[in-house]
Amino acid sequence: AQSVSQHNHHVILSEAASLELGCNYSYGGTVNLFWYVQYPGQHLQLLLKYFSGDPLVKGIKGFEAEFIKSKFSFNLRKPSVQWSDTAEYFCAVKGGTNAGKSTFGDGTTLTVKP
Amino acid sequence: DAGVIQSPRHEVTEMGQEVTLRCKPISGHDYLFWYRQTMMRGLELLIYFNNNVPIDDSGMPEDRFSAKMPNASFSTLKIQPSEPRDSAVYFCASSLPGQTQAFFGQGTRLTVV
């Protein structure tokens, strides 16, 4: 069975600080990886996704993520966060025989202090 | 397309009452998911359908919960009887097979008092 682990439960940063949120998955086959963002009071929205090709994926709002197959990781990064990035971030994986199902991590709450 | 549509947006009900949440997936999407989100447990997958057929309902917490998908454009999640610990935001999502993202609805915030 596939699983997703997000190491940081809650991250607090000041504006302009750099961000890296960890995500590791367990599945040996081909996977598709996603980062979703949920702003306060809103539903989940796609931030970026990896299917194949260049392992460095660029998403919206200056976010990027790097797929490192050997480490089963898909960490999310942003060089300089803004107050408006305060949200909860979820890593998700789809793959294998259960290709229709998305497995989500527990989420990381990011608080950016102005 | 209007996206995944859920109704109602908010529901407040008394303990013991029946609650029905509704979802209209994006047209053409043949996967539909029901999730529950709480502060304590985060985002939990309750059940998902493929072509209107329930594939995995192992996340449904109790027999009080049931879900149906009578056709490709409509699904319901029912709680009967409801309890205060069912209070949560319930999200519906739909997707195409395999390599695409899941699209989420706005959610239904359920409060059971």
# chains A, B, ... in the order shown; residues from 1 in each chain; ligands from 1
>>> interface_residues(of="chain A", to="chain B", cutoff="12 Å", atoms="only C-alpha atoms", output="PDB file with N, CA and C atoms, in the first residue's frame")
ATOM      1  N   HIS A   9       4.991  19.148  11.108  1.00  0.00           N
ATOM      2  CA  HIS A   9       3.565  19.350  11.389  1.00  0.00           C
ATOM      3  C   HIS A   9       3.185  20.813  11.281  1.00  0.00           C
ATOM      4  N   THR A  30       5.851   3.194 -10.355  1.00  0.00           N
ATOM      5  CA  THR A  30       5.725   4.537 -10.915  1.00  0.00           C
ATOM      6  C   THR A  30       4.638   5.307 -10.173  1.00  0.00           C
ATOM      7  N   VAL A  31       4.980   6.503  -9.765  1.00  0.00           N
ATOM      8  CA  VAL A  31       4.016   7.302  -9.017  1.00  0.00           C
ATOM      9  C   VAL A  31       3.867   8.679  -9.656  1.00  0.00           C
ATOM     10  N   ASN A  32       2.761   9.271  -9.383  1.00  0.00           N
ATOM     11  CA  ASN A  32       2.529  10.666  -9.709  1.00  0.00           C
ATOM     12  C   ASN A  32       2.401  11.412  -8.394  1.00  0.00           C
ATOM     13  N   LEU A  33       3.053  12.548  -8.286  1.00  0.00           N
ATOM     14  CA  LEU A  33       3.155  13.253  -7.010  1.00  0.00           C
ATOM     15  C   LEU A  33       2.558  14.642  -7.114  1.00  0.00           C
ATOM     16  N   PHE A  34       1.955  15.073  -6.038  1.00  0.00           N
ATOM     17  CA  PHE A  34       1.225  16.342  -6.030  1.00  0.00           C
ATOM     18  C   PHE A  34       1.482  17.078  -4.720  1.00  0.00           C
ATOM     19  N   TRP A  35       1.435  18.390  -4.813  1.00  0.00           N
ATOM     20  CA  TRP A  35       1.312  19.224  -3.629  1.00  0.00           C
ATOM     21  C   TRP A  35       0.032  20.049  -3.784  1.00  0.00           C
ATOM     22  N   TYR A  36      -0.797  19.985  -2.732  1.00  0.00           N
ATOM     23  CA  TYR A  36      -2.010  20.782  -2.670  1.00  0.00           C
ATOM     24  C   TYR A  36      -1.850  21.818  -1.564  1.00  0.00           C
ATOM     25  N   VAL A  37      -2.547  22.941  -1.725  1.00  0.00           N
ATOM     26  CA  VAL A  37      -2.554  23.971  -0.693  1.00  0.00           C
ATOM     27  C   VAL A  37      -3.992  24.241  -0.286  1.00  0.00           C
ATOM     28  N   GLN A  38      -4.182  24.478   0.994  1.00  0.00           N
ATOM     29  CA  GLN A  38      -5.516  24.814   1.510  1.00  0.00           C
ATOM     30  C   GLN A  38      -5.395  26.087   2.327  1.00  0.00           C
ATOM     31  N   TYR A  39      -5.880  27.187   1.772  1.00  0.00           N
ATOM     32  CA  TYR A  39      -5.871  28.450   2.496  1.00  0.00           C
ATOM     33  C   TYR A  39      -6.978  28.429   3.544  1.00  0.00           C
ATOM     34  N   GLY A  41     -10.082  28.349   5.562  1.00  0.00           N
ATOM     35  CA  GLY A  41     -11.492  28.377   5.190  1.00  0.00           C
ATOM     36  C   GLY A  41     -11.797  27.977   3.772  1.00  0.00           C
ATOM     37  N   GLN A  42     -10.809  27.499   3.046  1.00  0.00           N
ATOM     38  CA  GLN A  42     -11.044  27.144   1.637  1.00  0.00           C
ATOM     39  C   GLN A  42     -10.778  25.663   1.391  1.00  0.00           C
ATOM     40  N   HIS A  43     -11.084  25.234   0.161  1.00  0.00           N
ATOM     41  CA  HIS A  43     -10.863  23.841  -0.195  1.00  0.00           C
ATOM     42  C   HIS A  43      -9.447  23.654  -0.736  1.00  0.00           C
ATOM     43  N   LEU A  44      -9.075  22.431  -0.948  1.00  0.00           N
ATOM     44  CA  LEU A  44      -7.751  22.124  -1.464  1.00  0.00           C
ATOM     45  C   LEU A  44      -7.633  22.536  -2.923  1.00  0.00           C
ATOM     46  N   GLN A  45      -6.475  23.093  -3.245  1.00  0.00           N
ATOM     47  CA  GLN A  45      -6.188  23.483  -4.626  1.00  0.00           C
ATOM     48  C   GLN A  45      -4.811  22.945  -4.992  1.00  0.00           C
ATOM     49  N   LEU A  46      -4.659  22.592  -6.253  1.00  0.00           N
ATOM     50  CA  LEU A  46      -3.386  22.051  -6.706  1.00  0.00           C
ATOM     51  C   LEU A  46      -2.329  23.146  -6.776  1.00  0.00           C
ATOM     52  N   LEU A  47      -1.167  22.852  -6.216  1.00  0.00           N
ATOM     53  CA  LEU A  47      -0.036  23.771  -6.241  1.00  0.00           C
ATOM     54  C   LEU A  47       0.917  23.401  -7.388  1.00  0.00           C
ATOM     55  N   LEU A  48       1.258  22.122  -7.456  1.00  0.00           N
ATOM     56  CA  LEU A  48       2.093  21.613  -8.538  1.00  0.00           C
ATOM     57  C   LEU A  48       2.009  20.097  -8.566  1.00  0.00           C
ATOM     58  N   LYS A  49       2.518  19.513  -9.664  1.00  0.00           N
ATOM     59  CA  LYS A  49       2.443  18.063  -9.821  1.00  0.00           C
ATOM     60  C   LYS A  49       3.637  17.554 -10.620  1.00  0.00           C
ATOM     61  N   TYR A  50       3.976  16.308 -10.356  1.00  0.00           N
ATOM     62  CA  TYR A  50       5.031  15.639 -11.114  1.00  0.00           C
ATOM     63  C   TYR A  50       4.473  14.350 -11.703  1.00  0.00           C
ATOM     64  N   PHE A  51       4.671  14.200 -13.027  1.00  0.00           N
ATOM     65  CA  PHE A  51       4.293  12.944 -13.677  1.00  0.00           C
ATOM     66  C   PHE A  51       5.514  12.223 -14.206  1.00  0.00           C
ATOM     67  N   SER A  52       6.355  12.941 -14.950  1.00  0.00           N
ATOM     68  CA  SER A  52       7.558  12.351 -15.535  1.00  0.00           C
ATOM     69  C   SER A  52       8.427  13.493 -16.043  1.00  0.00           C
ATOM     70  N   GLU A  88      -2.307  25.484   4.832  1.00  0.00           N
ATOM     71  CA  GLU A  88      -1.912  24.110   5.099  1.00  0.00           C
ATOM     72  C   GLU A  88      -1.531  23.467   3.768  1.00  0.00           C
ATOM     73  N   TYR A  89      -0.456  22.700   3.783  1.00  0.00           N
ATOM     74  CA  TYR A  89       0.090  22.116   2.559  1.00  0.00           C
ATOM     75  C   TYR A  89       0.051  20.597   2.676  1.00  0.00           C
ATOM     76  N   PHE A  90      -0.485  19.972   1.636  1.00  0.00           N
ATOM     77  CA  PHE A  90      -0.620  18.521   1.623  1.00  0.00           C
ATOM     78  C   PHE A  90       0.154  17.934   0.450  1.00  0.00           C
ATOM     79  N   CYS A  91       0.913  16.907   0.743  1.00  0.00           N
ATOM     80  CA  CYS A  91       1.586  16.135  -0.289  1.00  0.00           C
ATOM     81  C   CYS A  91       0.706  14.918  -0.591  1.00  0.00           C
ATOM     82  N   ALA A  92       0.640  14.514  -1.849  1.00  0.00           N
ATOM     83  CA  ALA A  92      -0.208  13.373  -2.214  1.00  0.00           C
ATOM     84  C   ALA A  92       0.482  12.551  -3.290  1.00  0.00           C
ATOM     85  N   VAL A  93       0.135  11.270  -3.333  1.00  0.00           N
ATOM     86  CA  VAL A  93       0.696  10.357  -4.317  1.00  0.00           C
ATOM     87  C   VAL A  93      -0.413   9.534  -4.940  1.00  0.00           C
ATOM     88  N   LYS A  94      -0.269   9.292  -6.237  1.00  0.00           N
ATOM     89  CA  LYS A  94      -1.158   8.395  -6.968  1.00  0.00           C
ATOM     90  C   LYS A  94      -0.267   7.435  -7.724  1.00  0.00           C
ATOM     91  N   GLY A  95      -0.630   6.144  -7.736  1.00  0.00           N
ATOM     92  CA  GLY A  95       0.193   5.272  -8.541  1.00  0.00           C
ATOM     93  C   GLY A  95      -0.172   3.834  -8.439  1.00  0.00           C
ATOM     94  N   GLY A  96       0.500   3.055  -9.231  1.00  0.00           N
ATOM     95  CA  GLY A  96       0.388   1.617  -9.179  1.00  0.00           C
ATOM     96  C   GLY A  96      -0.956   1.102  -9.610  1.00  0.00           C
ATOM     97  N   THR A  97      -1.305  -0.046  -9.045  1.00  0.00           N
ATOM     98  CA  THR A  97      -2.571  -0.685  -9.430  1.00  0.00           C
ATOM     99  C   THR A  97      -3.757   0.101  -8.914  1.00  0.00           C
ATOM    100  N   ASN A  98      -3.516   0.902  -7.882  1.00  0.00           N
ATOM    101  CA  ASN A  98      -4.602   1.715  -7.340  1.00  0.00           C
ATOM    102  C   ASN A  98      -4.522   3.108  -7.924  1.00  0.00           C
ATOM    103  N   ALA A  99      -4.438   3.199  -9.217  1.00  0.00           N
ATOM    104  CA  ALA A  99      -4.101   4.452  -9.891  1.00  0.00           C
ATOM    105  C   ALA A  99      -5.131   5.530  -9.681  1.00  0.00           C
ATOM    106  N   GLY A 100      -6.342   5.151  -9.305  1.00  0.00           N
ATOM    107  CA  GLY A 100      -7.354   6.182  -9.154  1.00  0.00           C
ATOM    108  C   GLY A 100      -7.323   6.885  -7.821  1.00  0.00           C
ATOM    109  N   LYS A 101      -6.676   6.302  -6.862  1.00  0.00           N
ATOM    110  CA  LYS A 101      -6.785   6.808  -5.492  1.00  0.00           C
ATOM    111  C   LYS A 101      -5.606   7.692  -5.144  1.00  0.00           C
ATOM    112  N   SER A 102      -5.903   8.851  -4.563  1.00  0.00           N
ATOM    113  CA  SER A 102      -4.860   9.734  -4.059  1.00  0.00           C
ATOM    114  C   SER A 102      -4.656   9.443  -2.583  1.00  0.00           C
ATOM    115  N   THR A 103      -3.425   9.263  -2.181  1.00  0.00           N
ATOM    116  CA  THR A 103      -3.101   9.119  -0.763  1.00  0.00           C
ATOM    117  C   THR A 103      -2.448  10.411  -0.301  1.00  0.00           C
ATOM    118  N   PHE A 104      -2.993  10.997   0.731  1.00  0.00           N
ATOM    119  CA  PHE A 104      -2.514  12.278   1.238  1.00  0.00           C
ATOM    120  C   PHE A 104      -1.675  12.103   2.496  1.00  0.00           C
ATOM    121  N   GLY A 105      -0.708  13.005   2.658  1.00  0.00           N
ATOM    122  CA  GLY A 105      -0.003  13.117   3.919  1.00  0.00           C
ATOM    123  C   GLY A 105      -0.875  13.830   4.941  1.00  0.00           C
ATOM    124  N   ASP A 106      -0.373  13.928   6.161  1.00  0.00           N
ATOM    125  CA  ASP A 106      -1.156  14.541   7.240  1.00  0.00           C
ATOM    126  C   ASP A 106      -1.218  16.057   7.138  1.00  0.00           C
ATOM    127  N   GLY A 107      -0.401  16.620   6.253  1.00  0.00           N
ATOM    128  CA  GLY A 107      -0.439  18.069   6.083  1.00  0.00           C
ATOM    129  C   GLY A 107       0.580  18.787   6.951  1.00  0.00           C
ATOM    130  N   THR A 108       1.034  19.933   6.459  1.00  0.00           N
ATOM    131  CA  THR A 108       1.923  20.814   7.212  1.00  0.00           C
ATOM    132  C   THR A 108       1.297  22.192   7.254  1.00  0.00           C
ATOM    133  N   THR A 109       1.128  22.713   8.448  1.00  0.00           N
ATOM    134  CA  THR A 109       0.584  24.062   8.589  1.00  0.00           C
ATOM    135  C   THR A 109       1.730  25.061   8.549  1.00  0.00           C
TER     136      THR A 109
END
>>> select_by_dssp(residues="chain A", states="strand (DSSP E)", output="PyMOL selection string")
chain A and resi 3-5+10-14+19-21+24-26+31-38+45-50+56-58+64-68+73-78+87-95+98-104+108-113
>>> residues_around(residues="Glu62 of chain B", least_positions_apart="4", cutoff="10 Å", atoms="only C-alpha atoms", output="count of residues only")
3
>>> residues_around(residues="Lys24 of chain B", least_positions_apart="2", cutoff="6 Å", atoms="only C-alpha atoms", output="number ranges by chain")
B: 4-5, 73-74
>>> write_last_selection(atoms="N, CA and C atoms", output="mmCIF file, in the first residue's frame")
data_model
loop_
_atom_site.group_PDB
_atom_site.id
_atom_site.type_symbol
_atom_site.label_atom_id
_atom_site.label_comp_id
_atom_site.auth_asym_id
_atom_site.auth_seq_id
_atom_site.Cartn_x
_atom_site.Cartn_y
_atom_site.Cartn_z
ATOM 1 N N VAL B 4 -16.326 20.836 -9.059
ATOM 2 C CA VAL B 4 -17.074 19.924 -8.188
ATOM 3 C C VAL B 4 -18.010 20.761 -7.313
ATOM 4 N N ILE B 5 -19.245 20.388 -7.300
ATOM 5 C CA ILE B 5 -20.247 21.163 -6.563
ATOM 6 C C ILE B 5 -20.774 20.359 -5.393
ATOM 7 N N SER B 73 -23.255 11.595 -12.271
ATOM 8 C CA SER B 73 -23.242 13.021 -11.966
ATOM 9 C C SER B 73 -23.723 13.352 -10.565
ATOM 10 N N PHE B 74 -23.831 12.331 -9.712
ATOM 11 C CA PHE B 74 -24.381 12.622 -8.392
ATOM 12 C C PHE B 74 -23.958 11.573 -7.377
#
>>> residues_around(residues="segment 70-80 of chain A", least_positions_apart="4", cutoff="9 Å", atoms="only C-alpha atoms", output="ChimeraX atom specification")
/A:15-28,33-35,50,61-66,91
>>> select_by_dssp(residues="chain A", states="helix (DSSP H, G or I)", output="VMD selection string")
chain A and resid 60 to 62 69 to 71 83 to 85
>>> atom_distance(atom1="atom CA of Glu11 of chain B", atom2="atom CA of Asp85 of chain A")
28.9 Å
>>> atom_distance(atom1="atom CA of Asp86 of chain B", atom2="atom CA of Lys68 of chain B")
18.5 Å
>>> residues_around(residues="Val11 of chain A", least_positions_apart="3", cutoff="7 Å", atoms="only C-alpha atoms", output="ChimeraX atom specification")
/A:8,109-111
>>> atom_distance(atom1="atom CA of His10 of chain B", atom2="atom CA of Met60 of chain B")
20.9 Å
>>> residues_around(residues="Arg85 of chain B", least_positions_apart="3", cutoff="10 Å", atoms="only C-alpha atoms", output="list in words")
Met15, Thr38, Ser82, Ala88, Thr111, Val112 and Val113 of chain B
>>> write_last_selection(atoms="C-alpha atoms", output="short mmCIF file (atom, residue, chain, number, x, y, z; two decimals), in the first residue's frame")
data_model
loop_
_atom_site.label_atom_id
_atom_site.label_comp_id
_atom_site.auth_asym_id
_atom_site.auth_seq_id
_atom_site.Cartn_x
_atom_site.Cartn_y
_atom_site.Cartn_z
CA MET B 15 -27.52 14.78 17.48
CA THR B 38 -10.86 17.63 11.19
CA SER B 82 -25.44 11.82 13.46
CA ALA B 88 -16.07 18.15 10.38
CA THR B 111 -21.80 20.76 12.93
CA VAL B 112 -23.70 18.28 15.05
CA VAL B 113 -24.87 19.71 18.36
#
>>> closest_residue(among="B:Leu110, B:Leu77, B:Leu21, B:Met39", to="Arg64 of chain B", atoms="only C-alpha atoms")
B:Leu77
